[in-house]
There are 2 protein chains.
Amino acid sequence: VPSARAADIAGLAGIVGAAQVLTDADLRASYEVDWTGRFRGECLAVVRPADTAEVAAVVRWCRAHKVAVVPQGGNTSLVGGAVPPAGSIVLSTRRLSSIGEVDRLAGQLTAGAGATLADVHAAVAGTGWAFGVDLGARDSCTIGGMVATNAGGIRVLRHGTMRAQVLGLEAVLADGSIVRHLSGLVKDNTGYDLPGLLTGSEGTLGIVTNVRLRLVPDPPDRVTVLAGLASVAEAVALSARLRAEVDGLDAVEAVLGDGLALVCAELGYEAPLPTMPAVTVLVEWAGRGDPPASFADALDGLETVAAADRAGRARLWRYREEMATAIARVGVPHKLDVTLPVAELAVFCADVAPLVQSVATGARTHLFGHLGDGNIHVNVTGVAPEDERVDAAVLRTVVARGGSISAEHGVGRAKAGWLSLQRSPEELRMMRALKQALDPVGILNPGCLLA
Amino acid sequence: VPSARAADIAGLAGIVGAAQVLTDADLRASYEVDWTGRFRGECLAVVRPADTAEVAAVVRWCRAHKVAVVPQGGNTSLVGGAVPPAGSIVLSTRRLSSIGEVDRLAGQLTAGAGATLADVHAAVAGTGWAFGVDLGARDSCTIGGMVATNAGGIRVLRHGTMRAQVLGLEAVLADGSIVRHLSGLVKDNTGYDLPGLLTGSEGTLGIVTNVRLRLVPDPPDRVTVLAGLASVAEAVALSARLRAEVDGLDAVEAVLGDGLALVCAELGYEAPLPTMPAVTVLVEWAGRGDPPASFADALDGLETVAAADRAGRARLWRYREEMATAIARVGVPHKLDVTLPVAELAVFCADVAPLVQSVATGARTHLFGHLGDGNIHVNVTGVAPEDERVDAAVLRTVVARGGSISAEHGVGRAKAGWLSLQRSPEELRMMRALKQALDPVGILNPGCLLA
């Protein structure tokens, strides 16, 4: 009964203060709809704890009252991972935004779950160290959310995903207990890797409150090259060669087919190359001084344009980073974030547009992404938003080729129903056993990840 | 009753063949004692399955008969992790030794749990790729054991521990089910990180049978420099500077105090530097051509000796790698493999010898290890093997300074009793919940890791 629940919810004010329990519909509104606008929920309240102890007390209260808890950071999930189901509360981590000092000797930093990625980059700037993950939502997305979803982005090729940056963390479990391991030891073989398990668990096993982050050397010099290639197979071979031979390779991105022409047309950019290539590859090297000779050798014979200054590099990056904007001008896309084994990329990319056509005549397929990781963003326009036949066809062929139905966006609520396409009954049983062990009542982010 | 058990055990022959069930004491002997000779056990049989299906069948048989299973690879554990308790069987993974082809496009390889590290290095040689982990036991230790213990070694600074090399794995769980995820996708956010959880779980959550390994570029050129420093604090500062400024830094190792003199005296090596320094640091750069100027800049003003050819580099590495041999000539050491936060290293190293003296008059403390990771091997000679007062004093001060009581050797049986020194009750409860969820009967490596 809503009124009884409302009275109950008032008890949370005793933990976090009345001002931090948002129950009015207009105050809750921005927490109840996701960034894409595709997923909507309705929570009893948004609760904004100030510190880890308050998070733990809120979780204990929710467990006692059998109220589900949906942790939410910057609310930038693309798969509905932080949208509250009916009868739940949203636990906003944004007030846990403290950032510790940079440990210059160790190259490490402790950040609160609510600190944004941009805050972390700013805290590290000028210390000789950098944070190894970067992505477009940097001003909104939070460290806690990035850990919970094992975020990727444009530097995975060099520095790995978020999991590789997590040297330790503090989290509140479903029973309200706090596990804390923040000393930042690179080598520590004393039991199961709890931080690694919580990373990528999408708020279903615990609520991340603080993270000890690995930093990476901050290279002073960068060179960006945009190159035109004749086929995906050639682009894949170039990527493999660059990875094997070039120290300091930072990114290998790609825009396929008419994507480059689309960006130029929609955003009014000049064509970067004399001819429009079948595949546009953007590579970046970062280090001290000049790139090694192997960098130029690998690109020899291709049509290229290069830049080493900030403005020139930004001009080249636009052709890749504005793809999503250009596509949005064509129509509302179905966004499918998938990975293929590198050896399968060329065939997959050749087959996917005809496959989409066979399911939805008149649909248009746009392909771009993180070539070096095998991560392709398949965007399809010209299909009704609720029509999932295209999604089904594409995800099934991804799985048939040994790929992943979610490269970096996670499972959330959007893909929970598709998980059994890719994961075996044995794997799913193991995941459910872990969930049952750590959250037997099922109060942490129900409906997310495991449907 | 042993005879009843012996009759039971014969049933295993139906799974793996009679020749692969070793019950004679002389055939079992080498599987029942660990590499150090400190730990001894007695198993009902050594069972040697040929493939994953046989491993699963053996585990199901053991579960049905309530017989504990101790997985064992190369039997090189330094903490008694593979020593069988009474009434158990040893499941040897050595026959699972197949190695797949190098995927040159992806830079990946699939190896069976029983393949040795040396086998993997050999399979990769000449492909332009390398395997990122190396350690002294390379001819005996197996990939499965290295995954199970999250092995470290001399390249962790650059490539991370074993966990960072595992892109996917196949394992048999305690219920005999097989979880398999070997497609080697760098980005795959579809549920909990099962490979990461199994890595470092020391055979207590599942038995690793196959592993998809990340490879790293194989740099053609290397430069090794041995440098003398005046203090640990200076060595730590040098390590931090090298890490921040030198692309291609591969190793930063150290021998402290009179360790260098000891190696020279015991093994008859010439002193490498004009004077015996307080701290001997060994650094290695690997890449193409010459190291960057920042490498020489960081070492400027120090007494150094350098080598770029294989023989010359091997001569320099001896001063670090033969430390264990030199110490063994002084006496049987207590070996304590610990990590300190980098900022605590200097004070810890200054305090540890006096601390040992205060507990055991006449004891001698030897310090060396992986400086860049904060990983120090504390070796103490002149103390009776069974006297654990020194161990207790050193491990307690490590924990008080935020360090780890096991950097890279794992917990095994040797340190299971010490785990609560470092891990909080909440962390241990979480670990036990995971163990209970995945192995409710407790048949997988009982007594290892969680006492």
# chains A, B, ... in the order shown; residues from 1 in each chain; ligands from 1
>>> closest_atom_pairs(of="chain B", to="chain A", cutoff="7 Å", atoms="only C-alpha atoms", output="Markdown table")
| residue | atom | partner | partner_atom | distance |
| --- | --- | --- | --- | --- |
| B:Leu105 | CA | A:Ala240 | CA | 5.2 |
| B:Ala106 | CA | A:Val342 | CA | 5.7 |
| B:Gly128 | CA | A:Ala244 | CA | 6.6 |
| B:Trp129 | CA | A:Ala244 | CA | 6.7 |
| B:Ser177 | CA | A:Glu426 | CA | 6.5 |
| B:Ile178 | CA | A:Glu426 | CA | 6.6 |
| B:Val179 | CA | A:Glu427 | CA | 5.6 |
| B:Ser183 | CA | A:Gly402 | CA | 6.0 |
| B:Leu185 | CA | A:Pro341 | CA | 6.1 |
| B:Val186 | CA | A:Asp373 | CA | 6.0 |
| B:Lys187 | CA | A:Ala407 | CA | 4.8 |
| B:Asp188 | CA | A:Ala407 | CA | 4.5 |
| B:Asn189 | CA | A:Gly410 | CA | 4.9 |
| B:Thr190 | CA | A:Val411 | CA | 5.8 |
| B:Gly191 | CA | A:Ser201 | CA | 6.5 |
| B:Tyr192 | CA | A:Ser201 | CA | 5.5 |
| B:Asp193 | CA | A:Leu197 | CA | 5.8 |
| B:Gly196 | CA | A:Gly196 | CA | 6.5 |
| B:Leu197 | CA | A:Asp193 | CA | 5.8 |
| B:Gly200 | CA | A:Tyr192 | CA | 6.3 |
| B:Ser201 | CA | A:Tyr192 | CA | 5.5 |
| B:Pro217 | CA | A:Ala244 | CA | 4.6 |
| B:Ala237 | CA | A:Leu105 | CA | 6.7 |
| B:Ala240 | CA | A:Leu105 | CA | 5.2 |
| B:Ala244 | CA | A:Pro217 | CA | 4.6 |
| B:Glu245 | CA | A:Pro217 | CA | 6.7 |
| B:Thr339 | CA | A:Lys187 | CA | 6.6 |
| B:Pro341 | CA | A:Leu185 | CA | 6.1 |
| B:Val342 | CA | A:Ala106 | CA | 5.7 |
| B:Ala343 | CA | A:Leu105 | CA | 6.7 |
| B:Asp373 | CA | A:Val186 | CA | 6.0 |
| B:Gly402 | CA | A:Ser183 | CA | 6.0 |
| B:Ser404 | CA | A:Asp188 | CA | 5.7 |
| B:Ser406 | CA | A:Asn189 | CA | 5.4 |
| B:Ala407 | CA | A:Asp188 | CA | 4.5 |
| B:Glu408 | CA | A:Asn189 | CA | 5.6 |
| B:His409 | CA | A:Asn189 | CA | 6.9 |
| B:Gly410 | CA | A:Asn189 | CA | 4.8 |
| B:Val411 | CA | A:Thr190 | CA | 5.8 |
| B:Leu419 | CA | A:Thr190 | CA | 7.0 |
| B:Glu426 | CA | A:Val179 | CA | 5.8 |
| B:Glu427 | CA | A:Val179 | CA | 5.6 |
| B:Met431 | CA | A:Tyr192 | CA | 6.4 |
| B:Ala433 | CA | A:Ala437 | CA | 5.8 |
| B:Leu434 | CA | A:Leu434 | CA | 6.4 |
| B:Ala437 | CA | A:Ala433 | CA | 5.8 |
| B:Leu438 | CA | A:Ala433 | CA | 7.0 |
| B:Leu449 | CA | A:Gly191 | CA | 6.6 |
>>> select_by_dssp(residues="region 157-371 of chain A", states="helix (DSSP H, G or I)", output="number ranges by chain")
A: 157-159, 162-165, 194-198, 232-245, 259-267, 293-299, 310-321, 323-330, 342-359, 371
>>> atom_distance(atom1="CA of Gly87 (chain B)", atom2="CA of Ala10 (chain B)")
14.4 Å
>>> select_by_dssp(residues="region 121-316 of chain A", states="strand (DSSP E)", output="PyMOL selection string")
chain A and resi 129-130+166-173+178-181+206-214+216-217+221-229+249-256+279-287+303-307
>>> atom_distance(atom1="CA of Ala324 (chain A)", atom2="CA of Gly257 (chain A)")
14.7 Å
>>> residues_around(residues="Glu253 (chain B)", least_positions_apart="4", cutoff="6 Å", atoms="only C-alpha atoms", output="ChimeraX atom specification")
/B:281-282,369-371
>>> write_last_selection(atoms="N, CA and C atoms", output="PDB file, in the first residue's frame")
ATOM      1  N   VAL B 281      69.949  -1.956  -7.465  1.00  0.00           N
ATOM      2  CA  VAL B 281      68.717  -1.981  -8.252  1.00  0.00           C
ATOM      3  C   VAL B 281      69.026  -2.493  -9.649  1.00  0.00           C
ATOM      4  N   LEU B 282      68.171  -3.384 -10.127  1.00  0.00           N
ATOM      5  CA  LEU B 282      68.322  -3.907 -11.486  1.00  0.00           C
ATOM      6  C   LEU B 282      67.119  -3.444 -12.292  1.00  0.00           C
ATOM      7  N   GLY B 369      63.820  -8.443  -3.870  1.00  0.00           N
ATOM      8  CA  GLY B 369      62.507  -8.632  -4.467  1.00  0.00           C
ATOM      9  C   GLY B 369      62.190  -7.696  -5.602  1.00  0.00           C
ATOM     10  N   HIS B 370      60.880  -7.593  -5.862  1.00  0.00           N
ATOM     11  CA  HIS B 370      60.359  -6.849  -7.003  1.00  0.00           C
ATOM     12  C   HIS B 370      60.013  -5.436  -6.550  1.00  0.00           C
ATOM     13  N   LEU B 371      61.030  -4.560  -6.516  1.00  0.00           N
ATOM     14  CA  LEU B 371      60.880  -3.225  -5.943  1.00  0.00           C
ATOM     15  C   LEU B 371      59.738  -2.446  -6.579  1.00  0.00           C
TER      16      LEU B 371
END
>>> atom_distance(atom1="CA of Gly136 (chain A)", atom2="CA of Arg155 (chain A)")
11.8 Å
>>> closest_residue(among="A:Gly362, A:Pro291, A:Pro84, A:Gly268", to="Ala45 (chain A)", atoms="only C-alpha atoms")
A:Pro84
>>> closest_residue(among="A:Val399, A:Val16, A:Ala113, A:Ala125", to="Met146 (chain A)", atoms="only C-alpha atoms")
A:Ala113
>>> closest_residue(among="A:Ile154, A:Leu44, A:Ala174, A:Ala392", to="Ala25 (chain A)", atoms="only C-alpha atoms")
A:Leu44
>>> decode(residues="region 27-38 of chain A", atoms="N, CA and C atoms", output="short mmCIF file (atom, residue, chain, number, x, y, z; two decimals), in the first residue's frame")
data_model
loop_
_atom_site.label_atom_id
_atom_site.label_comp_id
_atom_site.auth_asym_id
_atom_site.auth_seq_id
_atom_site.Cartn_x
_atom_site.Cartn_y
_atom_site.Cartn_z
N LEU A 27 11.00 15.88 -7.98
CA LEU A 27 12.39 15.72 -7.55
C LEU A 27 12.93 14.35 -7.96
N ARG A 28 12.05 13.37 -7.97
CA ARG A 28 12.47 12.01 -8.34
C ARG A 28 12.66 11.86 -9.84
N ALA A 29 11.97 12.69 -10.60
CA ALA A 29 11.80 12.45 -12.04
C ALA A 29 13.11 12.15 -12.79
N SER A 30 14.16 12.96 -12.56
CA SER A 30 15.38 12.79 -13.34
C SER A 30 16.11 11.50 -12.99
N TYR A 31 15.78 10.90 -11.84
CA TYR A 31 16.40 9.64 -11.43
C TYR A 31 15.63 8.42 -11.96
N GLU A 32 14.44 8.67 -12.49
CA GLU A 32 13.56 7.55 -12.85
C GLU A 32 13.55 7.24 -14.34
N VAL A 33 14.23 8.07 -15.13
CA VAL A 33 14.30 7.83 -16.56
C VAL A 33 15.77 7.77 -16.95
N ASP A 34 16.07 6.87 -17.88
CA ASP A 34 17.48 6.72 -18.21
C ASP A 34 17.90 7.72 -19.28
N TRP A 35 19.18 7.74 -19.56
CA TRP A 35 19.79 8.73 -20.45
C TRP A 35 19.21 8.66 -21.86
N THR A 36 18.90 7.44 -22.30
CA THR A 36 18.37 7.30 -23.66
C THR A 36 16.88 7.64 -23.73
N GLY A 37 16.21 7.67 -22.60
CA GLY A 37 14.77 7.90 -22.58
C GLY A 37 13.97 6.66 -22.87
N ARG A 38 14.65 5.54 -23.10
CA ARG A 38 13.95 4.30 -23.45
C ARG A 38 13.35 3.62 -22.23
#
